[in-house]
Amino acid sequence: MISRYDVVEYLDSEALIDEYLKVASQNEDPAIFAKAMADACRARGILQLSKDTGIDKDEICKVFTADIKPSGVIVSKITKALAAPIQI
């Protein structure tokens, strides 16, 4: 049986999360960065991120669905909470 790959299993340090976000932010496709932020949030923990940003956990989860276009303010708060070494 082939198991499904989940990058979150490998994002086990702040340095790896930072590098992952940095590389994703350099891609021209914003969907790649959105997916990387979702992965980083899952690796860090949605509840902790909710506490750090003041954004409801359900709202954070909605941000990373394909149909949602989050505001710059929400993305900025999440990026800041993740301490991502990128600029948006």
# chains A, B, ... in the order shown; residues from 1 in each chain; ligands from 1
>>> residues_around(residues="A:Ile74", least_positions_apart="4", cutoff="9 Å", atoms="only C-alpha atoms", output="PyMOL selection string")
chain A and resi 53+55+60+63+70+78-79
>>> select_by_dssp(residues="chain A", states="helix (DSSP H, G or I)", output="ChimeraX atom specification")
/A:7-10,14-25,30-44,46-53,57-63,72-82
>>> closest_residue(among="A:Ser76, A:Asn27, A:Glu19, A:Cys61", to="A:Cys41", atoms="only C-alpha atoms")
A:Cys61
>>> residues_around(residues="A:Ala43", least_positions_apart="4", cutoff="10 Å", atoms="only C-alpha atoms", output="short mmCIF file (atom, residue, chain, number, x, y, z; two decimals) with C-alpha atoms, in the first residue's frame")
data_model
loop_
_atom_site.label_atom_id
_atom_site.label_comp_id
_atom_site.auth_asym_id
_atom_site.auth_seq_id
_atom_site.Cartn_x
_atom_site.Cartn_y
_atom_site.Cartn_z
CA VAL A 7 5.00 17.70 3.90
CA VAL A 8 3.84 18.72 7.39
CA GLU A 9 5.40 15.53 8.76
CA TYR A 10 8.80 16.94 7.72
CA LEU A 11 8.32 20.52 8.90
CA ASP A 12 9.58 19.74 12.37
CA SER A 13 11.62 22.83 13.12
CA GLU A 14 11.26 26.58 12.83
CA ILE A 17 9.22 26.07 8.21
CA MET A 37 1.25 28.85 4.49
CA ALA A 38 -1.48 26.29 5.13
CA ASP A 39 1.17 23.61 5.61
#
>>> closest_residue(among="A:Lys22, A:Lys35, A:Lys57, A:Lys77", to="A:Asp6", atoms="only C-alpha atoms")
A:Lys35
>>> atom_distance(atom1="atom CA of A:Asp56", atom2="atom CA of A:Asp18")
23.1 Å
